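Structure data (mmCIF, C-alpha atoms) from entry07.cif:
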```cif
data_input
loop_
_atom_site.group_PDB
_atom_site.id
_atom_site.type_symbol
_atom_site.label_atom_id
_atom_site.label_comp_id
_atom_site.auth_asym_id
_atom_site.auth_seq_id
_atom_site.Cartn_x
_atom_site.Cartn_y
_atom_site.Cartn_z
ATOM 1 C CA ILE X 20 6.943 -2.728 30.172
ATOM 2 C CA THR X 21 5.389 -0.640 27.439
ATOM 3 C CA ASN X 22 6.649 1.108 24.346
ATOM 4 C CA GLY X 23 7.138 4.814 23.870
ATOM 5 C CA ILE X 24 8.170 7.245 21.165
ATOM 6 C CA HIS X 25 11.196 9.443 20.609
ATOM 7 C CA ILE X 26 9.474 12.805 20.826
ATOM 8 C CA PRO X 27 11.975 14.868 18.741
ATOM 9 C CA THR X 28 11.733 12.324 15.896
ATOM 10 C CA TRP X 29 7.919 12.395 15.688
ATOM 11 C CA THR X 30 7.353 16.109 16.288
ATOM 12 C CA HIS X 31 6.711 18.022 13.059
ATOM 13 C CA GLU X 32 8.643 21.192 12.229
ATOM 14 C CA PRO X 33 5.781 23.634 12.988
ATOM 15 C CA PHE X 34 5.411 22.128 16.461
ATOM 16 C CA LYS X 35 9.171 21.966 17.003
ATOM 17 C CA ALA X 36 9.254 25.721 16.349
ATOM 18 C CA LEU X 37 6.437 26.317 18.854
ATOM 19 C CA PHE X 38 8.086 24.155 21.490
ATOM 20 C CA ASP X 39 11.431 25.894 20.921
ATOM 21 C CA LYS X 40 9.672 29.232 21.477
ATOM 22 C CA TYR X 41 7.516 28.326 24.487
ATOM 23 C CA ALA X 42 9.064 25.213 26.084
ATOM 24 C CA GLU X 43 12.827 25.450 25.719
ATOM 25 C CA LEU X 44 14.752 22.248 26.409
ATOM 26 C CA TRP X 45 11.709 20.114 25.417
ATOM 27 C CA HIS X 46 13.927 18.077 23.076
ATOM 28 C CA LYS X 47 16.290 17.220 25.942
ATOM 29 C CA ASP X 48 13.624 16.249 28.472
ATOM 30 C CA PRO X 49 9.892 15.804 27.755
ATOM 31 C CA LYS X 50 8.986 17.236 31.176
ATOM 32 C CA TYR X 51 9.562 20.694 29.678
ATOM 33 C CA LEU X 52 6.587 20.130 27.388
ATOM 34 C CA ARG X 53 4.414 21.057 30.373
ATOM 35 C CA LYS X 54 5.233 24.646 29.444
ATOM 36 C CA ALA X 55 3.466 24.127 26.115
ATOM 37 C CA GLU X 56 0.130 24.830 27.797
ATOM 38 C CA ILE X 57 0.844 28.565 27.451
ATOM 39 C CA ILE X 58 1.024 28.391 23.641
ATOM 40 C CA PRO X 59 -1.793 30.544 22.211
ATOM 41 C CA CYS X 60 -4.540 28.479 20.567
ATOM 42 C CA GLU X 61 -4.228 30.330 17.258
ATOM 43 C CA GLU X 62 -0.535 29.385 17.016
ATOM 44 C CA ILE X 63 -1.350 25.745 17.719
ATOM 45 C CA TRP X 64 -4.065 25.841 15.051
ATOM 46 C CA GLU X 65 -1.712 27.355 12.462
ATOM 47 C CA ALA X 66 0.932 24.692 13.217
ATOM 48 C CA HIS X 67 -1.742 22.008 12.891
ATOM 49 C CA MET X 68 -2.928 23.387 9.552
ATOM 50 C CA GLN X 69 0.660 23.370 8.253
ATOM 51 C CA CYS X 70 0.882 19.667 9.178
ATOM 52 C CA LYS X 71 -2.493 19.030 7.564
ATOM 53 C CA ARG X 72 -1.429 20.743 4.330
ATOM 54 C CA SER X 73 1.735 18.588 4.267
ATOM 55 C CA LEU X 74 -0.386 15.447 4.562
ATOM 56 C CA PHE X 75 -2.821 16.631 1.899
ATOM 57 C CA ASP X 76 0.049 17.455 -0.465
ATOM 58 C CA GLU X 77 1.245 13.862 -0.043
ATOM 59 C CA ILE X 78 -2.272 12.504 -0.555
ATOM 60 C CA TYR X 79 -2.477 14.477 -3.791
ATOM 61 C CA ARG X 80 0.968 13.271 -4.885
ATOM 62 C CA LEU X 81 0.038 9.631 -4.247
ATOM 63 C CA THR X 82 -3.586 9.620 -5.437
ATOM 64 C CA SER X 83 -4.239 12.816 -7.470
ATOM 65 C CA ARG X 84 -7.120 13.492 -5.063
ATOM 66 C CA LYS X 85 -7.571 16.902 -3.483
ATOM 67 C CA TRP X 86 -8.893 16.892 0.044
ATOM 68 C CA ASP X 87 -10.378 19.909 1.780
ATOM 69 C CA PRO X 88 -8.350 21.061 4.815
ATOM 70 C CA GLU X 89 -11.519 22.561 6.319
ATOM 71 C CA ILE X 90 -13.200 19.127 6.580
ATOM 72 C CA LEU X 91 -12.811 16.875 9.633
ATOM 73 C CA THR X 92 -10.109 14.330 8.839
ATOM 74 C CA ILE X 93 -9.715 11.105 10.803
ATOM 75 C CA GLY X 94 -6.572 8.980 10.675
ATOM 76 C CA PHE X 95 -5.823 5.313 11.289
ATOM 77 C CA ALA X 96 -2.359 4.127 10.245
ATOM 78 C CA ARG X 97 -0.444 1.288 11.821
ATOM 79 C CA ARG X 98 0.352 -2.387 11.397
ATOM 80 C CA ALA X 99 -2.801 -4.055 10.094
ATOM 81 C CA ALA X 100 -3.253 -6.644 12.821
ATOM 82 C CA ALA X 101 -6.787 -7.926 13.408
ATOM 83 C CA TYR X 102 -6.838 -6.981 17.119
ATOM 84 C CA LYS X 103 -6.342 -3.306 16.154
ATOM 85 C CA ARG X 104 -9.870 -3.434 14.642
ATOM 86 C CA ALA X 105 -9.386 -1.005 11.760
ATOM 87 C CA THR X 106 -12.863 -1.845 10.449
ATOM 88 C CA LEU X 107 -14.704 -1.081 13.708
ATOM 89 C CA LEU X 108 -15.556 2.393 12.382
ATOM 90 C CA PHE X 109 -17.747 0.749 9.720
ATOM 91 C CA LYS X 110 -19.774 -1.403 12.117
ATOM 92 C CA ASP X 111 -22.797 0.822 11.494
ATOM 93 C CA LEU X 112 -22.070 2.170 8.021
ATOM 94 C CA ASP X 113 -25.493 3.810 7.652
ATOM 95 C CA ARG X 114 -24.893 5.828 10.820
ATOM 96 C CA LEU X 115 -21.388 6.841 9.740
ATOM 97 C CA ILE X 116 -22.697 8.060 6.381
ATOM 98 C CA SER X 117 -25.562 9.888 8.097
ATOM 99 C CA ILE X 118 -23.115 11.716 10.395
ATOM 100 C CA ALA X 119 -21.008 12.752 7.410
ATOM 101 C CA GLU X 120 -24.057 13.931 5.462
ATOM 102 C CA LYS X 121 -25.339 16.047 8.372
ATOM 103 C CA SER X 122 -21.993 17.827 8.644
ATOM 104 C CA PRO X 123 -19.736 19.627 6.182
ATOM 105 C CA GLY X 124 -18.348 16.156 5.482
ATOM 106 C CA MET X 125 -15.726 13.754 6.732
ATOM 107 C CA GLN X 126 -12.437 12.410 5.370
ATOM 108 C CA ILE X 127 -10.793 9.229 6.652
ATOM 109 C CA VAL X 128 -7.261 8.197 5.767
ATOM 110 C CA PHE X 129 -5.999 4.689 6.446
ATOM 111 C CA SER X 130 -2.603 3.164 5.896
ATOM 112 C CA GLY X 131 -0.782 0.113 7.156
ATOM 113 C CA LYS X 132 0.683 -3.225 6.253
ATOM 114 C CA SER X 133 -0.080 -6.680 7.526
ATOM 115 C CA HIS X 134 2.406 -9.397 8.309
ATOM 116 C CA PRO X 135 2.664 -11.729 5.250
ATOM 117 C CA GLN X 136 1.150 -14.586 7.295
ATOM 118 C CA ASP X 137 -1.571 -12.501 8.954
ATOM 119 C CA VAL X 138 -4.624 -13.638 6.994
ATOM 120 C CA GLU X 139 -7.036 -11.655 9.164
ATOM 121 C CA GLY X 140 -4.984 -8.454 8.824
ATOM 122 C CA LYS X 141 -4.982 -8.798 5.023
ATOM 123 C CA ARG X 142 -8.714 -9.425 5.094
ATOM 124 C CA ASN X 143 -9.264 -6.209 7.055
ATOM 125 C CA ILE X 144 -7.315 -4.196 4.464
ATOM 126 C CA LYS X 145 -9.498 -5.700 1.723
ATOM 127 C CA LEU X 146 -12.634 -4.909 3.741
ATOM 128 C CA ILE X 147 -11.620 -1.254 4.020
ATOM 129 C CA HIS X 148 -11.206 -1.121 0.233
ATOM 130 C CA ASP X 149 -14.655 -2.724 -0.125
ATOM 131 C CA TYR X 150 -16.178 -0.147 2.269
ATOM 132 C CA LYS X 151 -14.521 2.602 0.221
ATOM 133 C CA LYS X 152 -16.323 1.421 -2.930
ATOM 134 C CA THR X 153 -19.648 1.149 -1.095
ATOM 135 C CA ILE X 154 -19.270 4.638 0.374
ATOM 136 C CA GLU X 155 -18.366 6.156 -3.004
ATOM 137 C CA ASN X 156 -21.588 4.710 -4.445
ATOM 138 C CA ARG X 157 -23.702 6.170 -1.642
ATOM 139 C CA THR X 158 -22.361 9.644 -0.807
ATOM 140 C CA ASP X 159 -19.828 12.278 -1.711
ATOM 141 C CA LYS X 160 -19.781 13.703 1.842
ATOM 142 C CA LEU X 161 -17.617 10.862 3.206
ATOM 143 C CA LYS X 162 -14.228 10.349 1.609
ATOM 144 C CA LEU X 163 -12.038 7.355 2.374
ATOM 145 C CA LEU X 164 -8.499 6.515 1.303
ATOM 146 C CA TYR X 165 -6.134 3.666 2.021
ATOM 147 C CA LEU X 166 -2.632 4.906 1.258
ATOM 148 C CA PRO X 167 -0.337 2.123 0.024
ATOM 149 C CA ASN X 168 3.240 1.311 1.008
ATOM 150 C CA TYR X 169 2.962 2.399 4.630
ATOM 151 C CA ASN X 170 6.315 3.469 6.013
ATOM 152 C CA MET X 171 7.808 5.774 8.631
ATOM 153 C CA ARG X 172 7.378 8.864 6.427
ATOM 154 C CA LEU X 173 3.664 8.192 5.862
ATOM 155 C CA GLY X 174 3.220 7.507 9.559
ATOM 156 C CA TYR X 175 4.939 10.819 10.295
ATOM 157 C CA LEU X 176 2.637 12.751 7.945
ATOM 158 C CA ILE X 177 -0.614 11.028 8.918
ATOM 159 C CA THR X 178 -0.196 11.148 12.706
ATOM 160 C CA ALA X 179 0.288 14.932 12.586
ATOM 161 C CA GLY X 180 -1.890 15.857 9.611
ATOM 162 C CA VAL X 181 -5.282 14.545 10.697
ATOM 163 C CA ASP X 182 -7.706 16.236 13.092
ATOM 164 C CA LEU X 183 -8.595 13.096 15.016
ATOM 165 C CA TRP X 184 -6.460 10.011 15.596
ATOM 166 C CA MET X 185 -8.498 6.824 15.933
ATOM 167 C CA ASN X 186 -7.282 3.934 18.092
ATOM 168 C CA THR X 187 -9.693 1.002 18.499
ATOM 169 C CA PRO X 188 -7.737 -2.080 19.588
ATOM 170 C CA LEU X 189 -9.274 -4.974 21.426
ATOM 171 C CA ARG X 190 -8.391 -4.643 25.099
ATOM 172 C CA PRO X 191 -5.916 -5.717 26.522
ATOM 173 C CA HIS X 192 -3.953 -6.566 23.360
ATOM 174 C CA GLU X 193 -2.518 -3.080 22.749
ATOM 175 C CA ALA X 194 0.748 -2.488 24.555
ATOM 176 C CA SER X 195 0.741 1.294 24.722
ATOM 177 C CA GLY X 196 -0.617 3.030 21.631
ATOM 178 C CA THR X 197 2.532 4.604 20.233
ATOM 179 C CA SER X 198 0.724 5.969 17.162
ATOM 180 C CA GLY X 199 -1.511 7.964 19.490
ATOM 181 C CA MET X 200 1.561 9.289 21.263
ATOM 182 C CA LYS X 201 2.856 10.516 17.885
ATOM 183 C CA SER X 202 -0.404 12.318 17.176
ATOM 184 C CA VAL X 203 -0.723 13.973 20.583
ATOM 185 C CA VAL X 204 2.760 15.513 20.445
ATOM 186 C CA ASN X 205 1.559 17.244 17.257
ATOM 187 C CA GLY X 206 -1.638 18.639 18.749
ATOM 188 C CA VAL X 207 -3.981 15.998 17.311
ATOM 189 C CA LEU X 208 -6.883 14.712 19.405
ATOM 190 C CA ASN X 209 -6.559 11.025 20.265
ATOM 191 C CA PHE X 210 -9.852 9.096 20.176
ATOM 192 C CA SER X 211 -9.024 5.815 21.870
ATOM 193 C CA ILE X 212 -10.117 3.052 24.147
ATOM 194 C CA LEU X 213 -8.806 3.296 27.719
#
```
Encoding of this model in structure tokens:
Amino acid sequence: ITNGIHIPTWTHEPFKALFDKYAELWHKDPKYLRKAEIIPCEEIWEAHMQCKRSLFDEIYRLTSRKWDPEILTIGFARRAAAYKRATLLFKDLDRLISIAEKSPGMQIVFSGKSHPQDVEGKRNIKLIHDYKKTIENRTDKLKLLYLPNYNMRLGYLITAGVDLWMNTPLRPHEASGTSGMKSVVNGVLNFSIL
């Protein structure tokens, strides 16, 4: 038995409008989403950019930082359990920075909470903050944020507002990857383990 998501709850307004237009009845039965494959790419892109602007408005509200919607933005937001390996992206920090510097740049947004007794999860959150400081001292082409007070609203904004959803749990500990399901229903690429 695995988990799933309630698609109408996690679908952002721009995508709801597209699905209403091209895949009627999608909110009653997800099988109708098969019709979404006829949505023109430019309409999908515009819906995605609306979601991205909503996320960036929230980032600005919370941090006073302006992010560029034209820059690749990666998201990772979920419960901060150690097996979810939030810090795996930083395993080769030099390579990550090099990739960002050879491109127009990269932005990575994290959020999540650990269980009060999850020492390893708390340690991973601290490590991400430490990596953020290291990155800021080395380059301005790679931006990293850890948004505090993770909740359903932040999850809603992040899963639809990034360009790439990252899912790196240790196999076979992940039940189903519901955060990735939330991103995919909003047109976001899901970069995940099998």
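For the pair atom CA of X:Met125 and atom CA of X:Ile93, the separation is 7.7 Å.
The closest residue to X:Tyr79, picked from X:Tyr175, X:Lys54, X:Ala100, X:Leu164 and counting all atoms listed in the file, is X:Leu164.
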Write out as a VMD selection string each polymer residue whose atoms come within 7 Å of stretch 176-184 of chain X, counting all atoms listed in the file; drop sequence neighbours fewer than 5 positions from it. chain X and resid 67 70 to 71 73 to 74 91 to 95 198 to 199 201 to 202 205 207 to 210
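Counting only C-alpha atoms and comparing X:Cys60, X:Asn186, X:Ile127, X:Leu166, the residue that lies closest to X:Ile78 is X:Leu166.
Atom to atom, atom CA of X:Lys40 and atom CA of X:Glu65 stand 14.6 Å apart.
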Can you tell me, as an mmCIF file with C-alpha atoms, keeping the file's coordinate frame, what residues are no more than 12 Å from X:Thr28 when counting all atoms listed in the file, ignoring any on the same chain fewer than 5 positions away?
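Contents of selection17.cif, freshly written:
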```cif
data_model
loop_
_atom_site.group_PDB
_atom_site.id
_atom_site.type_symbol
_atom_site.label_atom_id
_atom_site.label_comp_id
_atom_site.auth_asym_id
_atom_site.auth_seq_id
_atom_site.Cartn_x
_atom_site.Cartn_y
_atom_site.Cartn_z
ATOM 1 C CA GLY X 23 7.138 4.814 23.870
ATOM 2 C CA PHE X 34 5.411 22.128 16.461
ATOM 3 C CA LYS X 35 9.171 21.966 17.003
ATOM 4 C CA HIS X 46 13.927 18.077 23.076
ATOM 5 C CA MET X 171 7.808 5.774 8.631
ATOM 6 C CA ARG X 172 7.378 8.864 6.427
ATOM 7 C CA GLY X 174 3.220 7.507 9.559
ATOM 8 C CA TYR X 175 4.939 10.819 10.295
ATOM 9 C CA MET X 200 1.561 9.289 21.263
ATOM 10 C CA LYS X 201 2.856 10.516 17.885
ATOM 11 C CA VAL X 204 2.760 15.513 20.445
ATOM 12 C CA ASN X 205 1.559 17.244 17.257
#
```
Measure the distance from atom CA of X:Ile212 to atom CA of X:Gly196 in Å and round it to one decimal. 9.8 Å
